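Printed here is work17.txt (compact mmCIF, C-alpha atoms):
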```
# COMPACT_ATOMS: atom_id res chain seq x y z
CA MET A 1467 -4.51 14.21 -18.15
CA LYS A 1468 -3.11 16.09 -15.17
CA LEU A 1469 -1.23 14.27 -12.42
CA LYS A 1470 -3.90 15.21 -9.87
CA ASP A 1471 -6.68 13.85 -12.10
CA LEU A 1472 -4.70 10.65 -12.57
CA LYS A 1473 -4.26 10.35 -8.81
CA ASP A 1474 -7.98 10.89 -8.17
CA ARG A 1475 -8.82 8.30 -10.82
CA VAL A 1476 -6.46 5.73 -9.28
CA LEU A 1477 -7.86 6.36 -5.80
CA GLU A 1478 -11.50 6.14 -6.87
CA SER A 1479 -11.32 3.37 -9.44
CA PRO A 1480 -12.58 -0.11 -8.42
CA GLY A 1481 -10.16 -1.56 -10.99
CA TRP A 1482 -7.13 0.00 -9.29
CA LYS A 1483 -8.43 -1.04 -5.87
CA THR A 1484 -8.51 -4.61 -7.18
CA VAL A 1485 -4.96 -4.29 -8.49
CA PHE A 1486 -3.66 -3.18 -5.10
CA ALA A 1487 -5.81 -5.55 -3.05
CA PHE A 1488 -5.47 -8.73 -5.16
CA VAL A 1489 -3.09 -8.57 -8.10
CA LEU A 1490 -0.17 -7.01 -6.26
CA PRO A 1491 -0.31 -9.45 -3.28
CA LEU A 1492 -0.56 -12.30 -5.80
CA LEU A 1493 2.58 -11.13 -7.59
CA ALA A 1494 4.29 -10.55 -4.25
CA GLY A 1495 3.48 -14.17 -3.31
CA VAL A 1496 5.03 -15.42 -6.53
CA LEU A 1497 8.10 -13.22 -6.00
CA SER A 1498 8.42 -14.48 -2.42
CA GLY A 1499 8.68 -18.02 -3.76
CA VAL A 1500 11.31 -16.93 -6.28
CA PHE A 1501 13.14 -15.06 -3.50
CA VAL A 1502 13.34 -18.16 -1.32
CA THR A 1503 14.62 -20.18 -4.29
CA GLU A 1504 17.25 -17.56 -5.07
CA ILE A 1505 18.71 -17.47 -1.55
CA THR A 1506 18.59 -21.23 -1.04
CA GLN A 1507 21.89 -23.11 -1.38
CA ASN A 1508 22.10 -26.87 -0.81
CA SER A 1509 18.55 -26.88 0.60
CA ILE A 1510 19.49 -24.25 3.21
CA ILE A 1511 18.20 -20.68 3.20
CA VAL A 1512 21.16 -18.30 3.33
CA TRP A 1513 19.64 -14.99 4.43
CA ALA A 1514 22.94 -13.15 3.92
CA LEU A 1515 22.39 -13.46 0.16
CA PHE A 1516 19.12 -11.51 0.23
CA TYR A 1517 20.56 -8.42 -1.48
CA LYS A 1518 21.90 -10.50 -4.37
CA ALA A 1519 18.43 -11.77 -5.26
CA ASN A 1520 16.62 -9.73 -7.95
CA SER A 1521 13.27 -10.80 -6.53
CA PHE A 1522 14.12 -9.00 -3.28
CA TYR A 1523 14.09 -5.64 -5.10
CA GLY A 1524 10.84 -6.60 -6.79
CA LEU A 1525 9.29 -7.28 -3.38
CA LEU A 1526 10.68 -4.01 -2.06
CA PHE A 1527 9.12 -2.19 -5.01
CA PHE A 1528 5.72 -3.83 -4.45
CA GLY A 1529 5.91 -2.96 -0.76
CA LEU A 1530 6.67 0.68 -1.57
CA CYS A 1531 3.82 0.85 -4.12
CA THR A 1532 1.38 -0.60 -1.58
CA TYR A 1533 2.52 1.86 1.10
CA LEU A 1534 2.20 4.89 -1.20
CA TYR A 1535 -1.22 3.78 -2.41
CA ASN A 1536 -2.50 3.15 1.12
CA ARG A 1537 -1.10 6.47 2.35
CA ALA A 1538 -2.69 8.43 -0.52
CA ASN A 1539 -5.95 6.54 -0.02
CA TYR A 1540 -5.96 7.29 3.71
CA LEU A 1541 -5.35 11.03 3.22
CA HIS A 1542 -7.92 11.20 0.43
CA GLU A 1543 -10.68 9.46 2.38
CA ARG A 1544 -9.92 11.26 5.62
CA GLU A 1545 -10.10 14.71 4.08
CA ILE A 1546 -13.29 14.05 2.19
CA SER A 1547 -15.18 12.31 4.97
CA ARG A 1548 -14.17 14.81 7.62
CA PHE A 1549 -14.85 17.95 5.70
CA LEU A 1550 -18.05 16.68 4.18
CA ASP A 1551 -19.52 16.25 7.62
CA THR A 1552 -21.76 19.25 8.22
CA ASP A 1553 -20.70 19.39 11.88
CA TYR A 1554 -17.17 20.20 10.82
CA CYS A 1555 -18.37 22.97 8.52
CA VAL A 1556 -20.50 24.37 11.32
CA ALA A 1557 -17.48 24.34 13.67
CA TYR A 1558 -15.50 26.24 11.04
CA VAL A 1559 -18.30 28.77 10.52
CA ARG A 1560 -18.55 29.36 14.27
CA SER A 1561 -14.81 29.62 14.72
CA LYS A 1562 -14.62 32.23 11.99
CA CYS A 1563 -17.67 34.13 13.37
CA LEU A 1564 -19.27 33.99 9.92
CA PRO A 1565 -22.89 34.46 11.13
CA GLU A 1566 -21.80 37.66 12.90
CA ALA A 1567 -19.89 38.78 9.79
CA ALA A 1568 -22.95 38.02 7.63
CA ASP A 1569 -25.15 40.17 9.88
CA ARG A 1570 -22.62 42.99 9.81
CA TYR A 1571 -22.32 42.99 6.02
CA LYS A 1572 -26.08 42.67 5.54
CA GLU A 1573 -26.54 45.75 7.68
CA LEU A 1574 -24.08 47.59 5.44
CA ILE A 1575 -26.01 46.44 2.35
CA ARG A 1576 -29.36 47.49 3.80
CA SER A 1577 -28.00 50.92 4.67
CA GLY A 1578 -26.75 51.26 1.09
CA ASN A 1579 -23.14 51.39 2.24
CA VAL A 1580 -21.86 48.74 -0.19
CA GLY A 1581 -18.77 50.59 -1.41
CA GLN A 1582 -16.19 48.23 0.13
CA LEU A 1583 -18.14 45.14 -0.94
CA GLU A 1584 -18.48 46.31 -4.55
CA GLN A 1585 -14.84 47.34 -4.64
CA ALA A 1586 -13.82 43.89 -3.36
CA MET A 1587 -16.06 42.33 -6.05
CA GLU A 1588 -14.42 44.40 -8.78
CA GLU A 1589 -10.99 43.31 -7.58
CA LEU A 1590 -12.17 39.70 -7.50
CA LYS A 1591 -13.45 39.93 -11.08
CA LYS A 1592 -10.07 41.27 -12.21
CA VAL A 1593 -8.43 38.19 -10.70
CA LEU A 1594 -11.00 35.85 -12.27
CA LYS A 1595 -10.49 37.25 -15.80
CA MET B 874 -28.91 37.73 -8.45
CA LYS B 875 -26.26 40.29 -7.57
CA VAL B 876 -23.03 38.82 -6.22
CA LEU B 877 -20.94 40.71 -3.68
CA VAL B 878 -17.79 39.69 -1.88
CA SER B 879 -16.49 40.52 1.57
CA PRO B 880 -12.98 41.98 1.89
CA ASP B 881 -12.05 38.95 4.05
CA PHE B 882 -12.93 36.65 1.17
CA SER B 883 -10.93 38.56 -1.44
CA GLN B 884 -7.85 38.48 0.83
CA LYS B 885 -7.90 34.69 0.61
CA LEU B 886 -7.83 34.50 -3.19
CA ALA B 887 -4.05 34.17 -3.11
CA THR B 888 -4.42 30.78 -1.44
CA LEU B 889 -6.54 29.29 -4.23
CA SER B 890 -5.17 27.14 -7.03
CA LYS B 891 -5.75 27.98 -10.70
CA ASP B 892 -8.42 25.27 -10.92
CA ALA B 893 -10.14 26.57 -7.80
CA ILE B 894 -10.22 30.11 -9.21
CA GLY B 895 -11.76 28.74 -12.41
CA ASN B 896 -14.43 26.92 -10.40
CA LEU B 897 -15.07 30.01 -8.32
CA SER B 898 -15.56 32.02 -11.51
CA ALA B 899 -18.12 29.46 -12.75
CA PHE B 900 -19.89 29.59 -9.37
CA ILE B 901 -20.19 33.39 -9.52
CA SER B 902 -21.37 33.36 -13.16
CA GLU B 903 -24.10 30.86 -12.37
CA ALA B 904 -25.22 32.83 -9.30
CA GLU B 905 -25.41 36.02 -11.36
CA LYS B 906 -27.49 34.33 -14.06
CA THR B 907 -30.07 32.68 -11.81
CA ASP B 908 -32.41 33.82 -9.08
CA MET B 909 -31.96 32.90 -5.44
CA VAL B 910 -34.41 30.00 -5.21
CA ALA B 911 -33.28 28.39 -8.46
CA PHE B 912 -29.64 28.69 -7.47
CA LEU B 913 -30.08 27.18 -4.01
CA SER B 914 -32.14 24.29 -5.31
CA SER B 915 -30.06 23.60 -8.43
CA GLY B 916 -27.99 20.89 -6.71
CA ASN B 917 -24.92 21.89 -8.71
CA TYR B 918 -22.73 22.81 -5.79
CA ASN B 919 -24.09 20.66 -2.97
CA ILE B 920 -25.32 23.77 -1.21
CA ALA B 921 -26.16 23.26 2.46
CA ILE B 922 -27.41 25.67 5.09
CA LEU B 923 -25.14 25.57 8.13
CA GLU B 924 -26.07 28.14 10.71
CA GLU B 925 -28.42 31.10 10.64
CA ASP B 926 -28.10 32.49 7.11
CA VAL B 927 -24.71 31.00 6.30
CA TYR B 928 -24.52 28.45 3.47
CA SER B 929 -21.70 26.26 2.21
CA ALA B 930 -21.10 25.13 -1.37
CA LYS B 931 -18.63 22.66 -2.82
CA PHE B 932 -16.51 24.26 -5.47
CA ASP B 933 -13.10 22.62 -5.72
CA THR B 934 -12.90 18.81 -5.56
CA ASP B 935 -14.84 17.31 -2.69
CA ALA B 936 -13.08 19.19 0.06
CA GLY B 937 -13.07 22.86 -0.99
CA ARG B 938 -15.94 24.95 0.30
CA ILE B 939 -17.29 28.45 -0.23
CA PHE B 940 -19.25 30.01 2.61
CA PHE B 941 -21.84 32.60 1.68
CA THR B 942 -25.04 34.28 2.76
CA ILE B 943 -28.01 35.52 0.77
CA GLY B 944 -30.61 38.22 1.21
CA THR B 945 -32.73 40.83 -0.44
CA GLU B 946 -32.36 44.58 -0.56
CA SER B 947 -34.16 47.30 -2.46
CA GLY B 948 -32.17 46.52 -5.61
CA GLY B 949 -33.17 42.85 -5.51
CA GLU B 950 -31.60 39.61 -4.36
CA PHE B 951 -27.93 39.32 -3.48
CA LEU B 952 -25.41 36.64 -2.64
CA LEU B 953 -22.48 37.65 -0.45
CA LEU B 954 -19.32 35.52 -0.46
CA LEU B 955 -18.00 35.38 3.12
CA ASP B 956 -15.14 32.89 3.30
CA VAL B 957 -13.44 30.02 1.54
CA ALA B 958 -11.79 26.81 2.73
CA SER B 959 -9.32 25.27 0.33
CA MET B 960 -8.10 21.82 1.31
CA SER B 961 -4.85 20.31 0.14
CA GLN B 962 -2.26 17.79 1.18
CA PRO B 963 -0.64 18.71 4.53
CA ALA B 964 2.00 21.40 4.01
CA LYS B 965 5.32 21.48 5.80
CA ALA B 966 5.54 25.26 5.71
CA ALA B 967 6.90 26.87 8.86
CA THR B 968 4.53 29.82 8.47
CA PHE B 969 0.95 29.79 7.29
CA PHE B 970 -1.09 32.18 5.18
CA ALA B 971 -2.48 34.96 7.37
CA SER B 972 -5.38 37.19 6.31
CA ASN B 973 -3.97 39.93 8.53
CA ASN B 974 -0.24 39.50 8.30
CA PRO B 975 1.75 41.92 10.49
CA ARG B 976 4.89 41.20 8.46
CA THR B 977 3.36 42.49 5.24
CA ASN B 978 0.62 44.84 6.46
CA SER B 979 1.89 47.71 8.60
CA THR B 980 -1.60 48.25 10.06
CA PHE B 981 -1.09 45.08 12.09
CA ASN B 982 2.57 45.65 12.93
CA PRO B 983 3.04 47.30 16.35
CA LYS B 984 6.49 48.50 15.33
CA LEU B 985 4.99 50.47 12.45
CA ASN B 986 1.58 51.33 13.88
CA PRO B 987 1.91 53.23 17.19
CA ALA B 988 -1.83 52.83 17.90
CA ILE B 989 -1.29 49.12 18.61
CA ASN B 990 2.09 49.46 20.34
CA PRO B 991 1.74 49.36 24.13
CA GLU B 992 5.05 51.18 24.52
CA LEU B 993 3.65 54.12 22.56
CA ASN B 994 -0.07 53.94 23.41
CA SER B 995 -0.65 54.11 27.16
CA ALA B 996 -4.33 53.17 26.83
CA ILE B 997 -3.33 49.61 25.93
CA ASN B 998 -0.41 49.33 28.35
CA PRO B 999 -1.42 47.55 31.57
CA ARG B 1000 1.56 49.06 33.41
CA ILE B 1001 0.04 52.49 32.86
CA ASN B 1002 -3.69 51.76 32.52
CA PRO B 1003 -4.97 50.04 35.70
CA VAL B 1004 -8.32 49.16 34.09
CA ILE B 1005 -6.59 46.48 31.99
CA ASN B 1006 -4.14 45.36 34.66
CA PRO B 1007 -5.23 42.11 36.37
CA LYS B 1008 -3.05 42.92 39.37
CA LEU B 1009 -5.04 46.09 39.97
CA ASN B 1010 -8.43 45.13 38.52
CA SER B 1011 -9.78 42.12 40.39
CA ALA B 1012 -12.43 41.42 37.73
CA LEU B 1013 -9.62 40.43 35.35
CA ASN B 1014 -7.75 38.32 37.87
CA PRO B 1015 -8.69 34.61 37.84
CA LYS B 1016 -7.27 34.23 41.34
CA LEU B 1017 -9.83 36.71 42.60
CA ASN B 1018 -12.64 36.17 40.09
CA SER B 1019 -13.70 32.52 40.14
CA ALA B 1020 -16.07 33.00 37.18
CA ILE B 1021 -13.09 33.23 34.80
CA ASN B 1022 -10.96 30.56 36.45
CA PRO B 1023 -11.17 27.10 34.81
CA LYS B 1024 -9.99 25.48 38.04
CA LEU B 1025 -13.07 26.87 39.79
CA ASN B 1026 -15.56 27.17 36.92
CA SER B 1027 -16.17 23.78 35.31
CA ALA B 1028 -17.75 25.34 32.21
CA LEU B 1029 -14.32 26.75 31.35
CA ASN B 1030 -12.38 23.64 32.32
CA TYR B 1031 -11.66 21.54 29.26
CA LYS B 1032 -10.97 18.52 31.46
CA LEU B 1033 -14.54 18.69 32.77
CA ASN B 1034 -16.39 20.22 29.82
CA SER B 1035 -16.09 18.00 26.74
CA ALA B 1036 -17.55 20.69 24.46
CA ILE B 1037 -14.36 22.75 24.80
CA ASN B 1038 -11.98 19.78 24.87
CA PRO B 1039 -10.42 19.20 21.43
CA ARG B 1040 -9.56 15.62 22.40
CA LEU B 1041 -13.24 14.85 23.00
CA ASN B 1042 -14.88 17.25 20.55
CA SER B 1043 -13.38 16.43 17.15
CA ALA B 1044 -15.17 19.34 15.48
CA ILE B 1045 -12.80 21.79 17.24
CA ASN B 1046 -9.69 19.63 16.86
CA PRO B 1047 -7.57 20.77 13.88
CA ARG B 1048 -5.99 17.33 13.65
CA LEU B 1049 -9.44 15.86 12.95
CA ASN B 1050 -11.27 18.81 11.42
CA SER B 1051 -9.18 19.82 8.41
CA SER B 1052 -11.08 23.06 7.90
CA LEU B 1053 -9.57 24.39 11.15
CA ASN B 1054 -6.06 23.25 10.30
CA PRO B 1055 -3.92 25.83 8.45
CA ARG B 1056 -1.57 23.02 7.45
CA ILE B 1057 -4.40 21.49 5.35
CA ASN B 1058 -6.78 24.40 4.80
CA LYS B 1059 -4.53 26.82 2.97
CA SER B 1060 -7.17 29.55 3.31
CA TYR B 1061 -7.48 29.31 7.10
CA GLY B 1062 -6.02 32.79 7.54
CA GLY B 1063 -5.80 32.99 11.34
CA PRO B 1064 -5.98 34.52 13.90
CA TYR B 1065 -2.40 33.61 14.73
CA LEU B 1066 -0.35 34.27 17.83
CA TYR B 1067 2.96 36.04 17.11
CA ASP B 1068 5.86 36.87 19.40
CA VAL B 1069 7.23 40.43 19.43
CA GLY B 1070 9.56 39.44 16.57
CA LEU B 1071 6.41 38.55 14.55
CA LYS B 1072 7.15 34.85 14.46
CA GLN B 1073 4.02 32.67 14.26
CA LEU B 1074 3.77 30.63 17.46
CA ALA B 1075 0.24 29.26 17.45
CA TYR B 1076 -3.20 29.66 15.97
CA LEU B 1077 -6.55 30.26 17.52
CA VAL B 1078 -9.78 28.33 17.18
CA ARG B 1079 -12.85 30.06 18.54
CA VAL B 1080 -15.11 27.63 20.38
CA ASN B 1081 -17.82 29.95 21.66
CA ASP B 1082 -18.32 33.54 22.80
CA LYS B 1083 -16.32 32.90 25.96
CA VAL B 1084 -13.59 30.43 25.01
CA ASP B 1085 -10.88 30.27 22.36
CA ILE B 1086 -8.33 27.48 22.07
CA LEU B 1087 -4.68 27.87 21.14
CA PHE B 1088 -2.92 25.25 19.03
CA GLU B 1089 0.77 25.13 18.33
CA VAL B 1090 1.88 25.26 14.70
CA GLY B 1091 2.07 21.45 14.75
CA GLY B 1092 -1.57 21.20 15.87
CA GLU B 1093 -0.87 20.42 19.51
CA PHE B 1094 -3.35 21.91 21.99
CA CYS B 1095 -1.39 24.41 24.08
CA GLY B 1096 -3.89 26.44 26.08
CA LEU B 1097 -7.11 28.35 26.14
CA LEU B 1098 -8.25 31.94 26.34
CA VAL B 1099 -11.22 33.07 28.36
CA SER B 1100 -12.89 36.36 27.46
CA VAL B 1101 -13.47 38.86 30.24
CA GLY B 1102 -15.71 41.59 28.92
CA ASN B 1103 -14.95 43.01 25.50
CA ASN B 1104 -11.37 44.13 25.93
CA VAL B 1105 -9.47 41.44 27.82
CA LYS B 1106 -8.88 37.71 27.48
CA VAL B 1107 -7.01 35.67 30.10
CA GLU B 1108 -4.73 32.83 29.02
CA PHE B 1109 -4.39 29.42 30.66
CA ASP B 1110 -2.01 26.60 29.83
CA LYS B 1111 -2.85 22.90 29.47
CA GLU B 1112 -2.87 22.53 33.24
CA ASN B 1113 -5.43 25.32 33.55
CA SER B 1114 -2.80 27.52 35.18
CA TRP B 1115 -3.07 31.23 34.52
CA VAL B 1116 -0.10 32.25 32.34
CA GLY B 1117 -0.97 35.65 30.86
CA PHE B 1118 -3.59 37.91 29.38
CA TYR B 1119 -4.52 39.72 26.17
CA VAL B 1120 -5.62 43.31 25.71
CA LYS B 1121 -7.70 44.39 22.72
CA ALA B 1122 -5.80 46.97 20.67
CA ASN B 1123 -8.43 47.26 17.93
CA GLU B 1124 -11.10 45.13 16.22
CA LYS B 1125 -8.51 42.66 14.87
CA VAL B 1126 -5.45 42.96 17.09
CA TRP B 1127 -4.96 41.69 20.64
CA LEU B 1128 -1.73 42.26 22.57
CA ARG B 1129 -0.33 39.47 24.70
CA PHE B 1130 1.15 40.19 28.15
CA SER B 1131 2.79 38.02 30.78
CA LEU B 1132 1.64 38.01 34.39
CA ASN B 1133 4.32 40.66 35.04
CA ASN B 1134 2.68 42.95 32.45
CA GLU B 1135 5.54 42.34 30.05
CA TRP B 1136 4.50 42.62 26.38
CA LYS B 1137 5.04 39.17 24.83
CA GLY B 1138 3.41 39.38 21.39
CA LEU B 1139 0.15 39.82 19.54
CA LEU B 1140 -2.82 37.89 18.30
CA VAL B 1141 -4.14 38.93 14.90
```
Exercise: express the given structure as structure tokens:
Amino acid sequence: MKLKDLKDRVLESPGWKTVFAFVLPLLAGVLSGVFVTEITQNSIIVWALFYKANSFYGLLFFGLCTYLYNRANYLHEREISRFLDTDYCVAYVRSKCLPEAADRYKELIRSGNVGQLEQAMEELKKVLK
Amino acid sequence: MKVLVSPDFSQKLATLSKDAIGNLSAFISEAEKTDMVAFLSSGNYNIAILEEDVYSAKFDTDAGRIFFTIGTESGGEFLLLLDVASMSQPAKAATFFASNNPRTNSTFNPKLNPAINPELNSAINPRINPVINPKLNSALNPKLNSAINPKLNSALNYKLNSAINPRLNSAINPRLNSSLNPRINKSYGGPYLYDVGLKQLAYLVRVNDKVDILFEVGGEFCGLLVSVGNNVKVEFDKENSWVGFYVKANEKVWLRFSLNNEWKGLLV
């Protein structure tokens, strides 16, 4: 499986959504408890010891995973929803003057002057082979 | 159905991934095997009609689109591929893919093509040709012609006309509409604004027949161009102040001049 396919599967899978929305926060909660225990001395929390606690790096790792997942999810959903909207496609088509280009090329086709279009198609087929 | 492709489309092939090219190949094969009605109604590519005779089809993940038109001629039905939009993660490239790249295609390079060099072609030099000089031709001068001045014509003022304001009309805002953002749509292709050293400075989004909007490479709105006739566009900054003008050198190339008629770059 390609990396991109794996990424798409992770972003679209309800199972993975559950992992990031429920399982990971649950584990982070457990690790937070461990973290507090690790930096507590004589019933006092000594924050200066945070980097010596293994659970701190576990929490950091979970935080990073959550950030990367949310970032990928945001970009994925934004791109799909925005480009799927027909209005955005219409704006693109207008900006690129595609209706005018379509008319121009159709006129060429009707007049039998399809040389450049057929040549472009031949070149395209060479690339597609 | 016969499948044809526009030269603009084939120029963009270089921007497509291997997977996208494979999907494009499948799209063409299916179009060639079926007739027009069956192909449009097959539902395989989420085909939608957008405007006039222009259709879009999904071909590469959910975000890649092919734009095409269809018709009939004496030889039968045809499908003509017009353009492609290929979405990807935002790129950090300093320069974007250009369909008409003056660095690689001498036809669009004023240093190599004297026909589009104002220092060598007097017809496109406003210092020599008064018809394209706003200081001598009042029709091109926004200070004298209120119809082309956004401060006096609200239809051209993005602060008053939401349809041409990218902050209010998300469809023309590249930060919101990925298809218009060369950072995300690798196949965007331009037109781009270059300085005389051929460095990409900005890109253009056409809003309507009269107005184009300039965006910096980072996607920041930086000004608008108002068309005056077929051969001149006048440029305004974000404050709607007149800052320069463009002269048409040929069908694809526009030359940029300052208010002092100094050649500043090109739009292609």
Only residues of chain A matter here; which ones have an atom within 8 Å of chain B, counting all atoms listed in the file? Give them as a PDB file with C-alpha atoms, in the coordinates of the input.
```pdb
ATOM      1  CA  LEU A1541      -5.350  11.030   3.220  1.00  0.00           C
ATOM      2  CA  GLU A1545     -10.100  14.710   4.080  1.00  0.00           C
ATOM      3  CA  ILE A1546     -13.290  14.050   2.190  1.00  0.00           C
ATOM      4  CA  ARG A1548     -14.170  14.810   7.620  1.00  0.00           C
ATOM      5  CA  PHE A1549     -14.850  17.950   5.700  1.00  0.00           C
ATOM      6  CA  LEU A1550     -18.050  16.680   4.180  1.00  0.00           C
ATOM      7  CA  THR A1552     -21.760  19.250   8.220  1.00  0.00           C
ATOM      8  CA  ASP A1553     -20.700  19.390  11.880  1.00  0.00           C
ATOM      9  CA  TYR A1554     -17.170  20.200  10.820  1.00  0.00           C
ATOM     10  CA  CYS A1555     -18.370  22.970   8.520  1.00  0.00           C
ATOM     11  CA  VAL A1556     -20.500  24.370  11.320  1.00  0.00           C
ATOM     12  CA  ALA A1557     -17.480  24.340  13.670  1.00  0.00           C
ATOM     13  CA  TYR A1558     -15.500  26.240  11.040  1.00  0.00           C
ATOM     14  CA  VAL A1559     -18.300  28.770  10.520  1.00  0.00           C
ATOM     15  CA  ARG A1560     -18.550  29.360  14.270  1.00  0.00           C
ATOM     16  CA  SER A1561     -14.810  29.620  14.720  1.00  0.00           C
ATOM     17  CA  LYS A1562     -14.620  32.230  11.990  1.00  0.00           C
ATOM     18  CA  LEU A1564     -19.270  33.990   9.920  1.00  0.00           C
ATOM     19  CA  PRO A1565     -22.890  34.460  11.130  1.00  0.00           C
ATOM     20  CA  ALA A1567     -19.890  38.780   9.790  1.00  0.00           C
ATOM     21  CA  ALA A1568     -22.950  38.020   7.630  1.00  0.00           C
ATOM     22  CA  TYR A1571     -22.320  42.990   6.020  1.00  0.00           C
ATOM     23  CA  LYS A1572     -26.080  42.670   5.540  1.00  0.00           C
ATOM     24  CA  ILE A1575     -26.010  46.440   2.350  1.00  0.00           C
ATOM     25  CA  ARG A1576     -29.360  47.490   3.800  1.00  0.00           C
ATOM     26  CA  GLN A1582     -16.190  48.230   0.130  1.00  0.00           C
ATOM     27  CA  LEU A1583     -18.140  45.140  -0.940  1.00  0.00           C
ATOM     28  CA  GLU A1584     -18.480  46.310  -4.550  1.00  0.00           C
ATOM     29  CA  ALA A1586     -13.820  43.890  -3.360  1.00  0.00           C
ATOM     30  CA  MET A1587     -16.060  42.330  -6.050  1.00  0.00           C
ATOM     31  CA  GLU A1589     -10.990  43.310  -7.580  1.00  0.00           C
ATOM     32  CA  LEU A1590     -12.170  39.700  -7.500  1.00  0.00           C
ATOM     33  CA  LEU A1594     -11.000  35.850 -12.270  1.00  0.00           C
TER      34      LEU A1594
END
```
Residues within 9 Å of Val1500 of chain A, all atoms listed in the file, excluding chain neighbours under 5 positions, as a PyMOL selection string: chain A and resi 1495+1505+1519+1521-1522
message: Can you measure atom CA of Lys1024 of chain B to atom CA of Glu1112 of chain B for me? One decimal in Å is fine.
response: 9.1 Å
- prompt: Hey, what's within 10 Å of Val1502 of chain A if we count all atoms listed in the file and toss same-chain stuff fewer than 5 positions away? As a list of chain:residue names, please?
  reply: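 Contacts, in chain order: A:Leu1497, A:Gln1507, A:Ile1510, A:Ile1511, A:Val1512, A:Trp1513, A:Phe1516, A:Ala1519, A:Ser1521, A:Phe1522.
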field: segment 1119-1126 of chain B surroundings by all atoms listed in the file, 7 Å radius, close-in-sequence under 4 positions cut, as a list in words
entry: Phe981, Ile989, Ile997, Asn1104, Val1105, Lys1106, Val1107, Phe1130, Leu1139, Leu1140 and Val1141 of chain B
Point-to-point distance from atom CA of Met874 of chain B to atom CA of Asp908 of chain B, Å rounded to tenths: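 Between these atoms lies a distance of 5.3 Å.
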message: Using Å and a single decimal, report how far atom CA of Asn1536 of chain A sits from atom CA of Val1485 of chain A.
response: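 Result for atom CA of Val1485 of chain A versus atom CA of Asn1536 of chain A: 12.4 Å, one decimal.
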Please identify all polymer residues within 9 Å of Ala1075 of chain B, counting all atoms listed in the file, omitting same-chain residues fewer than 4 positions from it, and present them as an mmCIF file with C-alpha atoms, in the coordinates of the input.
```cif
data_model
loop_
_atom_site.group_PDB
_atom_site.id
_atom_site.type_symbol
_atom_site.label_atom_id
_atom_site.label_comp_id
_atom_site.auth_asym_id
_atom_site.auth_seq_id
_atom_site.Cartn_x
_atom_site.Cartn_y
_atom_site.Cartn_z
ATOM 1 C CA PRO B 1064 -5.980 34.520 13.900
ATOM 2 C CA TYR B 1065 -2.400 33.610 14.730
ATOM 3 C CA LEU B 1066 -0.350 34.270 17.830
ATOM 4 C CA TYR B 1067 2.960 36.040 17.110
ATOM 5 C CA LEU B 1087 -4.680 27.870 21.140
ATOM 6 C CA PHE B 1088 -2.920 25.250 19.030
ATOM 7 C CA GLU B 1089 0.770 25.130 18.330
ATOM 8 C CA VAL B 1090 1.880 25.260 14.700
ATOM 9 C CA GLY B 1091 2.070 21.450 14.750
ATOM 10 C CA GLY B 1092 -1.570 21.200 15.870
ATOM 11 C CA CYS B 1095 -1.390 24.410 24.080
#
```
For segment 1491-1501 of chain A in the structure I just supplied, write out N, CA and C atoms - as a short mmCIF file (atom, residue, chain, number, x, y, z; two decimals), in the first residue's frame.
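In the end it all went to result.cif:
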```cif
data_model
loop_
_atom_site.label_atom_id
_atom_site.label_comp_id
_atom_site.auth_asym_id
_atom_site.auth_seq_id
_atom_site.Cartn_x
_atom_site.Cartn_y
_atom_site.Cartn_z
N PRO A 1491 -6.77 10.54 23.71
CA PRO A 1491 -6.98 11.36 24.92
C PRO A 1491 -7.04 10.52 26.19
N LEU A 1492 -7.59 9.30 26.07
CA LEU A 1492 -7.66 8.41 27.24
C LEU A 1492 -6.25 8.05 27.72
N LEU A 1493 -5.40 7.66 26.76
CA LEU A 1493 -4.01 7.33 27.09
C LEU A 1493 -3.27 8.56 27.62
N ALA A 1494 -3.56 9.71 27.03
CA ALA A 1494 -2.92 10.95 27.49
C ALA A 1494 -3.32 11.24 28.93
N GLY A 1495 -4.58 10.95 29.28
CA GLY A 1495 -5.06 11.16 30.65
C GLY A 1495 -4.31 10.26 31.63
N VAL A 1496 -4.13 9.00 31.20
CA VAL A 1496 -3.40 8.05 32.06
C VAL A 1496 -1.97 8.54 32.24
N LEU A 1497 -1.34 8.93 31.10
CA LEU A 1497 0.05 9.40 31.16
C LEU A 1497 0.19 10.66 32.00
N SER A 1498 -0.83 11.51 31.97
CA SER A 1498 -0.79 12.74 32.79
C SER A 1498 -0.71 12.38 34.27
N GLY A 1499 -1.50 11.37 34.65
CA GLY A 1499 -1.46 10.90 36.04
C GLY A 1499 -0.08 10.38 36.41
N VAL A 1500 0.48 9.58 35.49
CA VAL A 1500 1.83 9.03 35.72
C VAL A 1500 2.84 10.17 35.82
N PHE A 1501 2.67 11.17 34.95
CA PHE A 1501 3.59 12.32 34.91
C PHE A 1501 3.60 13.05 36.26
#
```
